[in-house]
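A.B. asks: Contents of query-v2.tsv (TSV, C-alpha atoms) are below:
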```tsv
chain	number	residue	atom	x	y	z
A	284	MET	CA	188.70	154.89	-134.03
A	285	LYS	CA	187.42	152.99	-137.03
A	286	LYS	CA	183.69	153.43	-137.63
A	287	ILE	CA	181.36	150.76	-138.93
A	288	PRO	CA	179.16	151.81	-141.88
A	289	ALA	CA	175.39	151.71	-141.53
A	290	SER	CA	175.14	148.63	-143.78
A	291	LEU	CA	177.12	146.56	-141.26
A	292	LYS	CA	175.48	147.96	-138.15
A	293	THR	CA	172.23	146.26	-139.17
A	294	GLU	CA	173.88	143.09	-140.54
A	295	THR	CA	172.51	139.85	-139.12
A	296	PHE	CA	174.48	136.82	-138.06
A	297	GLY	CA	172.85	134.70	-140.77
A	298	HIS	CA	173.24	137.09	-143.70
A	299	TYR	CA	176.88	137.79	-142.89
A	300	ALA	CA	177.43	134.05	-142.69
A	301	GLN	CA	175.91	133.47	-146.13
A	302	GLN	CA	178.16	136.13	-147.68
A	303	ALA	CA	181.30	134.78	-146.02
A	304	ILE	CA	180.60	131.18	-147.02
A	305	SER	CA	179.83	132.26	-150.58
A	306	LYS	CA	183.18	134.02	-150.86
A	307	HIS	CA	185.24	131.15	-149.47
A	308	PHE	CA	183.34	128.53	-151.47
A	309	LYS	CA	184.22	130.38	-154.69
A	310	LYS	CA	187.85	130.73	-153.65
A	311	SER	CA	188.15	127.07	-152.67
A	312	THR	CA	186.72	125.70	-155.93
A	313	LYS	CA	188.15	128.23	-158.41
A	314	PRO	CA	191.62	126.53	-158.63
A	315	GLU	CA	190.09	123.09	-159.22
A	316	SER	CA	190.73	122.84	-162.98
A	317	ALA	CA	194.32	124.07	-162.56
A	318	VAL	CA	194.88	121.54	-159.76
A	319	LEU	CA	193.75	118.69	-162.04
A	320	LYS	CA	196.15	119.84	-164.77
A	321	ASP	CA	198.99	119.48	-162.22
A	322	GLU	CA	201.32	121.85	-164.03
A	323	ASP	CA	201.96	124.23	-161.13
A	324	PRO	CA	201.91	123.50	-157.36
A	325	GLU	CA	200.43	126.91	-156.46
A	326	PRO	CA	196.76	126.17	-157.38
A	327	LEU	CA	196.90	123.11	-155.14
A	328	HIS	CA	198.11	125.30	-152.27
A	329	GLU	CA	195.38	127.87	-152.99
A	330	MET	CA	192.67	125.22	-153.06
A	331	ARG	CA	193.87	123.67	-149.81
A	332	VAL	CA	193.88	127.04	-148.05
A	333	GLY	CA	190.49	127.84	-149.56
A	334	MET	CA	188.99	124.63	-148.20
A	335	ARG	CA	190.43	125.32	-144.78
A	336	ARG	CA	188.96	128.82	-144.76
A	337	LEU	CA	185.60	127.50	-145.93
A	338	ARG	CA	185.63	124.91	-143.16
A	339	THR	CA	186.46	127.61	-140.62
A	340	ALA	CA	183.61	129.81	-141.86
A	341	ILE	CA	181.14	126.94	-141.55
A	342	GLU	CA	182.44	126.10	-138.06
A	343	VAL	CA	182.09	129.73	-136.95
A	344	PHE	CA	178.65	130.35	-138.41
A	345	GLY	CA	177.30	126.82	-137.91
A	346	PRO	CA	175.04	127.72	-134.94
A	347	ALA	CA	173.04	130.00	-137.26
A	348	LEU	CA	172.82	127.73	-140.32
A	349	GLU	CA	170.85	124.76	-141.64
A	350	LEU	CA	173.40	123.28	-144.03
A	351	PRO	CA	173.05	120.11	-146.13
A	352	LYS	CA	174.94	117.06	-144.88
A	353	ALA	CA	176.97	116.92	-148.07
A	354	ALA	CA	178.49	120.30	-147.15
A	355	SER	CA	179.39	119.33	-143.60
A	356	VAL	CA	182.62	120.24	-141.84
A	357	LYS	CA	183.53	116.55	-141.87
A	358	ARG	CA	183.21	116.36	-145.67
A	359	ILE	CA	185.26	119.52	-146.22
A	360	ARG	CA	187.92	118.30	-143.79
A	361	LYS	CA	188.34	115.10	-145.84
A	362	ILE	CA	188.78	117.07	-149.06
A	363	ALA	CA	191.29	119.41	-147.41
A	364	ARG	CA	193.18	116.44	-145.98
A	365	GLU	CA	193.66	114.88	-149.41
A	366	LEU	CA	194.78	118.19	-150.86
A	367	GLY	CA	197.12	118.52	-147.89
A	368	THR	CA	198.69	115.10	-148.42
A	369	VAL	CA	199.89	116.06	-151.90
A	370	ARG	CA	200.78	119.60	-150.86
A	371	ASP	CA	202.93	118.35	-147.96
A	372	LEU	CA	204.85	116.11	-150.35
A	373	ASP	CA	205.40	119.09	-152.66
A	374	VAL	CA	206.80	121.12	-149.76
A	375	MET	CA	209.03	118.26	-148.63
A	376	LYS	CA	210.34	117.83	-152.16
A	377	VAL	CA	211.30	121.51	-152.32
A	378	GLU	CA	213.04	121.26	-148.94
A	379	LEU	CA	214.97	118.17	-150.00
A	380	LYS	CA	216.10	119.81	-153.22
A	381	SER	CA	217.29	122.77	-151.19
A	382	LEU	CA	219.26	120.46	-148.95
A	383	CYS	CA	220.84	118.93	-152.05
A	384	LYS	CA	222.62	122.25	-152.52
A	385	THR	CA	224.49	121.61	-149.26
A	386	GLU	CA	228.04	120.35	-149.68
A	387	LEU	CA	227.56	116.63	-149.24
A	388	LYS	CA	229.79	113.62	-149.44
A	389	GLU	CA	229.15	111.43	-152.45
A	390	ALA	CA	227.59	108.65	-150.36
A	391	GLU	CA	225.15	111.10	-148.76
A	392	ARG	CA	224.21	112.63	-152.10
A	393	LEU	CA	223.43	109.21	-153.58
A	394	LYS	CA	221.18	108.39	-150.61
A	395	LEU	CA	219.41	111.73	-150.90
A	396	ASP	CA	218.87	111.28	-154.65
A	397	ALA	CA	217.29	107.87	-153.99
A	398	ILE	CA	215.01	109.38	-151.33
A	399	LEU	CA	213.95	112.14	-153.73
A	400	GLU	CA	213.06	109.58	-156.37
A	401	LYS	CA	210.95	107.63	-153.88
A	402	LEU	CA	209.27	110.85	-152.71
A	403	SER	CA	208.36	111.75	-156.31
A	404	HIS	CA	206.74	108.33	-156.70
A	405	GLN	CA	204.73	108.82	-153.50
A	406	ARG	CA	203.62	112.20	-154.73
A	407	SER	CA	202.43	110.70	-158.03
A	408	GLN	CA	200.41	108.09	-156.15
A	409	GLY	CA	198.94	110.76	-153.88
A	410	PHE	CA	197.89	112.87	-156.85
A	411	VAL	CA	196.14	109.91	-158.51
A	412	HIS	CA	194.06	109.50	-155.35
A	413	LEU	CA	193.33	113.24	-155.21
A	414	GLU	CA	192.34	113.22	-158.88
A	415	LYS	CA	189.79	110.47	-158.22
A	416	THR	CA	188.37	112.48	-155.33
A	417	LEU	CA	187.95	115.70	-157.33
A	418	ASN	CA	186.34	113.80	-160.18
A	419	GLY	CA	184.20	111.69	-157.88
A	420	SER	CA	180.49	111.80	-157.08
A	421	ARG	CA	180.91	112.85	-153.44
A	422	TYR	CA	182.89	115.92	-154.36
A	423	ARG	CA	180.38	116.85	-157.06
A	424	LYS	CA	177.55	116.37	-154.55
A	425	PHE	CA	179.36	118.60	-152.05
A	426	LYS	CA	179.65	121.41	-154.60
A	427	ARG	CA	176.12	121.05	-155.90
A	428	SER	CA	174.55	121.01	-152.44
A	429	LEU	CA	176.43	124.09	-151.26
A	430	GLN	CA	175.67	125.95	-154.48
A	431	ASN	CA	171.97	125.20	-154.00
A	432	TRP	CA	172.11	126.30	-150.37
A	433	LEU	CA	173.79	129.59	-151.28
A	434	LYS	CA	170.94	130.32	-153.71
A	435	GLU	CA	168.27	129.62	-151.08
A	436	PRO	CA	169.94	129.56	-147.64
A	437	THR	CA	168.08	128.19	-144.64
A	438	TYR	CA	168.82	129.35	-141.10
A	439	LYS	CA	168.31	128.62	-137.42
A	440	GLU	CA	166.84	131.09	-134.93
A	441	LEU	CA	170.24	132.57	-134.03
A	442	ALA	CA	170.59	133.87	-137.59
A	443	ASP	CA	168.37	136.86	-136.81
A	444	LEU	CA	170.70	138.20	-134.13
A	445	PRO	CA	172.77	141.28	-135.04
A	446	ILE	CA	176.31	140.16	-135.91
A	447	LEU	CA	177.72	142.83	-133.57
A	448	ALA	CA	175.88	141.26	-130.64
A	449	VAL	CA	177.59	137.88	-131.02
A	450	LEU	CA	181.17	138.77	-132.06
A	451	PRO	CA	182.74	138.40	-128.58
A	452	ASP	CA	180.88	135.13	-128.01
A	453	LEU	CA	182.33	133.74	-131.23
A	454	LEU	CA	185.91	134.87	-130.67
A	455	LEU	CA	186.57	134.82	-126.91
A	456	PRO	CA	186.40	131.01	-126.57
A	457	LEU	CA	189.10	130.69	-129.23
A	458	ILE	CA	191.32	133.22	-127.46
A	459	SER	CA	190.90	131.24	-124.23
A	460	GLN	CA	191.74	127.93	-125.93
A	461	LEU	CA	194.85	129.47	-127.45
A	462	LEU	CA	196.12	131.03	-124.23
A	463	LEU	CA	195.53	127.82	-122.26
A	464	HIS	CA	197.35	125.63	-124.78
A	465	PRO	CA	200.20	123.59	-123.20
A	466	GLY	CA	202.46	124.32	-126.17
A	467	TRP	CA	203.35	127.70	-124.65
A	468	LEU	CA	204.93	125.92	-121.67
A	469	MET	CA	207.57	123.98	-123.59
A	470	ALA	CA	211.07	124.69	-122.21
A	471	THR	CA	209.84	126.93	-119.38
A	472	ASN	CA	210.19	126.89	-115.61
A	473	ASN	CA	207.99	128.19	-112.83
A	474	ASP	CA	210.32	127.97	-109.83
A	475	THR	CA	209.79	131.56	-108.67
A	476	GLY	CA	206.06	131.68	-109.33
A	477	ASN	CA	206.63	133.46	-112.65
A	478	LEU	CA	206.93	131.57	-115.90
A	479	LYS	CA	210.36	131.94	-117.47
A	480	VAL	CA	211.54	130.67	-120.85
A	481	ASP	CA	214.64	128.49	-120.57
A	482	LYS	CA	217.63	128.74	-122.85
A	483	ILE	CA	218.18	125.43	-124.54
A	484	ASP	CA	221.15	124.04	-126.48
A	485	PRO	CA	220.63	122.48	-129.94
A	486	LYS	CA	221.07	118.88	-128.76
A	487	ASN	CA	218.52	119.20	-125.95
A	488	LEU	CA	216.25	121.10	-128.34
A	489	ASN	CA	216.17	118.12	-130.67
A	490	GLN	CA	215.28	115.83	-127.78
A	491	GLN	CA	212.49	118.11	-126.57
A	492	LEU	CA	211.08	118.52	-130.06
A	493	ASP	CA	211.08	114.75	-130.52
A	494	GLN	CA	209.12	114.42	-127.28
A	495	GLN	CA	206.79	117.42	-127.59
A	496	GLY	CA	206.68	118.21	-131.29
A	497	GLU	CA	203.06	117.09	-131.56
A	498	ILE	CA	202.05	119.59	-128.88
A	499	LEU	CA	203.62	122.44	-130.88
A	500	HIS	CA	201.96	121.15	-134.03
A	501	ASP	CA	198.60	121.28	-132.26
A	502	LEU	CA	199.35	124.83	-131.10
A	503	ARG	CA	200.07	125.76	-134.70
A	504	LYS	CA	196.69	124.36	-135.79
A	505	GLN	CA	194.97	126.28	-133.00
A	506	MET	CA	196.77	129.47	-134.04
A	507	LYS	CA	195.78	128.96	-137.67
A	508	ARG	CA	192.14	128.41	-136.72
A	509	LEU	CA	192.13	131.58	-134.61
A	510	ARG	CA	193.79	133.56	-137.39
A	511	TYR	CA	191.19	132.47	-139.95
A	512	GLN	CA	188.34	133.29	-137.60
A	513	THR	CA	189.66	136.71	-136.61
A	514	GLU	CA	190.11	137.54	-140.30
A	515	LEU	CA	186.43	136.80	-140.86
A	516	PHE	CA	185.49	139.76	-138.68
A	517	ALA	CA	188.16	142.34	-139.55
A	518	ASP	CA	185.44	144.68	-140.86
A	519	PHE	CA	184.16	145.21	-137.33
A	520	TYR	CA	187.41	146.11	-135.59
A	521	GLY	CA	190.15	148.70	-135.82
A	522	PRO	CA	193.79	148.59	-137.01
A	523	ASP	CA	195.11	147.07	-133.76
A	524	TYR	CA	192.86	144.06	-134.26
A	525	VAL	CA	194.03	143.68	-137.87
A	526	ALA	CA	197.66	143.92	-136.75
A	527	GLN	CA	197.05	141.23	-134.13
A	528	SER	CA	195.50	138.94	-136.74
A	529	GLN	CA	198.62	139.42	-138.85
A	530	ASP	CA	200.71	138.55	-135.80
A	531	PHE	CA	198.79	135.28	-135.49
A	532	GLN	CA	199.90	134.56	-139.05
A	533	THR	CA	203.54	135.26	-138.16
A	534	VAL	CA	203.38	132.92	-135.16
A	535	GLN	CA	201.72	130.26	-137.30
A	536	LYS	CA	204.53	130.58	-139.85
A	537	VAL	CA	207.27	130.12	-137.24
A	538	LEU	CA	205.53	127.08	-135.78
A	539	GLY	CA	205.09	125.81	-139.34
A	540	GLU	CA	208.84	125.96	-139.88
A	541	VAL	CA	209.33	123.89	-136.73
A	542	GLN	CA	206.78	121.35	-137.94
A	543	ASP	CA	208.24	121.15	-141.45
A	544	SER	CA	211.66	120.44	-139.96
A	545	LEU	CA	210.25	117.69	-137.73
A	546	VAL	CA	208.28	116.07	-140.53
A	547	LEU	CA	211.31	116.15	-142.84
A	548	GLY	CA	213.55	114.70	-140.15
A	549	GLU	CA	211.10	111.86	-139.43
A	550	TYR	CA	210.75	111.09	-143.12
A	551	LEU	CA	214.51	111.00	-143.72
A	552	SER	CA	215.03	108.84	-140.64
A	553	SER	CA	212.42	106.37	-141.91
A	554	GLN	CA	214.33	106.05	-145.18
A	555	ILE	CA	217.77	105.50	-143.64
A	556	GLU	CA	218.29	102.16	-141.88
A	557	THR	CA	221.20	103.47	-139.79
A	558	GLY	CA	219.28	106.58	-138.71
A	559	LEU	CA	219.61	110.19	-139.85
A	560	GLU	CA	222.72	111.13	-137.83
A	561	LYS	CA	224.71	108.15	-139.08
A	562	GLY	CA	223.31	107.86	-142.59
A	563	LEU	CA	223.19	111.58	-143.46
A	564	PRO	CA	225.45	113.27	-140.87
A	565	THR	CA	225.97	116.48	-142.85
A	566	LEU	CA	222.24	116.98	-143.33
A	567	ALA	CA	221.56	116.07	-139.70
A	568	THR	CA	223.93	118.82	-138.54
A	569	GLU	CA	222.42	121.32	-140.99
A	570	MET	CA	218.89	120.54	-139.80
A	571	GLN	CA	219.91	120.83	-136.15
A	572	GLN	CA	221.36	124.29	-136.82
A	573	THR	CA	218.21	125.31	-138.69
A	574	ARG	CA	216.02	124.26	-135.76
A	575	ALA	CA	218.22	126.26	-133.37
A	576	ARG	CA	217.78	129.37	-135.55
A	577	ILE	CA	214.01	128.90	-135.67
A	578	TRP	CA	213.93	128.46	-131.89
A	579	GLN	CA	215.70	131.77	-131.40
A	580	VAL	CA	212.83	133.40	-133.28
A	581	TRP	CA	210.21	131.38	-131.39
A	582	GLN	CA	211.26	132.10	-127.80
A	583	PRO	CA	210.57	135.89	-127.83
A	584	ILE	CA	207.11	135.06	-129.25
A	585	GLN	CA	206.63	132.51	-126.49
A	586	GLU	CA	207.60	135.06	-123.82
A	587	ARG	CA	205.17	137.61	-125.23
A	588	TYR	CA	202.21	135.23	-125.28
A	589	LEU	CA	202.96	134.17	-121.70
A	590	ASP	CA	203.01	137.77	-120.49
A	591	PRO	CA	199.87	138.49	-118.37
A	592	GLU	CA	199.45	142.05	-119.70
A	593	PHE	CA	199.62	140.89	-123.31
A	594	ARG	CA	197.07	138.16	-122.64
A	595	GLN	CA	194.68	140.65	-121.05
A	596	THR	CA	195.09	142.97	-124.05
A	597	LEU	CA	194.02	140.13	-126.38
A	598	ARG	CA	190.87	139.52	-124.36
A	599	ALA	CA	189.99	143.20	-124.15
A	600	GLN	CA	190.51	143.68	-127.88
A	601	ILE	CA	187.82	141.15	-128.75
A	602	LEU	CA	185.33	142.90	-126.46
A	603	ALA	CA	185.70	146.22	-128.26
A	604	PRO	CA	184.40	146.27	-131.86
A	605	ALA	CA	184.76	149.57	-133.69
A	606	SER	CA	182.44	152.51	-133.02
A	607	LEU	CA	178.81	151.86	-133.85
A	608	SER	CA	178.36	155.36	-135.23
A	609	SER	CA	178.14	155.77	-139.00
A	610	GLY	CA	181.33	156.51	-140.85
A	611	SER	CA	183.25	155.96	-144.03
A	612	PRO	CA	182.72	152.52	-145.58
A	613	VAL	CA	185.27	149.76	-145.16
A	614	VAL	CA	186.88	148.10	-148.15
A	615	SER	CA	184.47	145.20	-148.20
A	616	SER	CA	181.45	144.05	-146.28
A	617	VAL	CA	182.48	140.40	-146.49
A	618	PRO	CA	185.72	139.00	-145.03
```
Before we go any further, please render this structure as structure tokens.
C.D. replies:
Amino acid sequence: MKKIPASLKTETFGHYAQQAISKHFKKSTKPESAVLKDEDPEPLHEMRVGMRRLRTAIEVFGPALELPKAASVKRIRKIARELGTVRDLDVMKVELKSLCKTELKEAERLKLDAILEKLSHQRSQGFVHLEKTLNGSRYRKFKRSLQNWLKEPTYKELADLPILAVLPDLLLPLISQLLLHPGWLMATNNDTGNLKVDKIDPKNLNQQLDQQGEILHDLRKQMKRLRYQTELFADFYGPDYVAQSQDFQTVQKVLGEVQDSLVLGEYLSSQIETGLEKGLPTLATEMQQTRARIWQVWQPIQERYLDPEFRQTLRAQILAPASLSSGSPVVSSVP
């Protein structure tokens, strides 16, 4: 069993929060200059992820902190959303270019080229808006206020509690929200009293995704939030916990592929007056086959997360931080 070093056994909720927020604040703002140069899409992705992780840290540790209004979750969410708008267009552009490699009829290729040109224009407009945000007074105020707070943090009464005493209270509600999410029930039946995952053909899959895609997207966001929060506390748990956090990431990725396919399909349909299947039939067939392949990966995951024993294991895992006896130090004392 992994052992927690003495330095973490006496760690308080508040002090651990300050260290975590400091780390994610630095990571979220470090790519800023590279983002503004707009020469490489990767810094934009890094900054977006950094802002999301910072927001998660503030949400988790919020009950123990007295943070300035300029560094609120709402403010960080707005910044992340603007980064996300441009990032999503970058991802869609890559996907469309990949689809261009498909053997297409000349008429389809011309339509796709026109859509790509329009998408590039939208991306340019989105970046202009993002540039104004990152150079604006509100963003500067956000950074300045959080930097000042990190130098002289202020706390609420809960900050004095040992971090080990509150871990289950922080994580169990998220596990419950995840396990109760309706997204797990898509394409299932309960005729015999036991939930079973239905096999579904590609055509019906498209129909169900059109109807319930938003539910899966919400499940993905819930999974991402849980993953970020479990990663914050990896120092206090053993290898099984770390492996489970990595599994959350895998599930998030699969759901992300579903969402990317839906978003791309909706965008293409909005650009073709006759609809995707008539206007770009080759691409429509290719996308339908891609969704079917993703679904084959998703259904075993779905079955596992619906299994009562697996669900109980998740709950029990959160209740069992590593041994409180002294031992060899972990790699870092901050997530």
A.B. asks: Looking at A:Ser355, A:Gln302, A:Thr385, A:Gln405, which one is nearest to A:Tyr422, with distances taken over all atoms listed in the file?
C.D. replies: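 Nearest candidate to A:Tyr422 out of A:Ser355, A:Gln302, A:Thr385, A:Gln405: A:Ser355.
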A.B. asks: Give as a list of chain:residue names each residue that has an atom at most 12 Å from (201.1, 138.4, -135.0) in the file, counting only C-alpha atoms.
C.D. replies: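 All residues meeting the 12 Å criterion around (201.1, 138.4, -135.0) are A:Met506, A:Lys507, A:Leu509, A:Arg510, A:Thr513, A:Asp523, A:Tyr524, A:Val525, A:Ala526, A:Gln527, A:Ser528, A:Gln529, A:Asp530, A:Phe531, A:Gln532, A:Thr533, A:Val534, A:Gln535, A:Lys536, A:Val537, A:Ile584, A:Gln585, A:Arg587, A:Tyr588, A:Leu597.
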A.B. asks: Quick one: distance from atom CA of A:Ser316 to atom CA of A:Gly345 in Å, one decimal?
C.D. replies: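 Interatomic distance, atom CA of A:Ser316 to atom CA of A:Gly345: 28.7 Å.
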A.B. asks: Grab the atom CA of A:Glu540 to atom CA of A:Phe410 distance for me, in Å with one decimal place.
C.D. replies: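 Atom CA of A:Phe410 lies 24.1 Å from atom CA of A:Glu540.
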A.B. asks: A:Lys479, A:Asp493, A:Lys376, A:Leu457: which is nearest A:Asp396, counting all atoms listed in the file?
C.D. replies: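 The answer is A:Lys376, which sits nearest to A:Asp396.
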A.B. asks: Could you pull the residues within 12 Å of A:Glu386, counting all atoms listed in the file, minus those fewer than 3 positions along the same chain, as a list in words?
C.D. replies: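 Contacts, in chain order: Ser381, Leu382, Cys383, Glu389, Ala390, Glu391, Arg392, Leu563, Pro564, Thr565, Leu566, Thr568 and Glu569 of chain A.
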A.B. asks: What is the distance, in Å and to one decimal place, between atom CA of A:His298 and atom CA of A:Asp443?
C.D. replies: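 About the pair atom CA of A:His298 and atom CA of A:Asp443: they are 8.4 Å apart.
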A.B. asks: In terms of the shortest atom-to-atom distance over only C-alpha atoms, which of A:Glu329, A:Glu440, A:Glu497, A:Asp484 is closest to A:Pro465?
C.D. replies: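 Result for the nearest residue to A:Pro465: A:Glu497.
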A.B. asks: Rank nothing, just name the residue among A:Ile446, A:Ala363, A:Ala300, A:Leu461 nearest to A:Lys504, using only C-alpha atoms.
C.D. replies: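 Selected residue with least distance to A:Lys504: A:Leu461.
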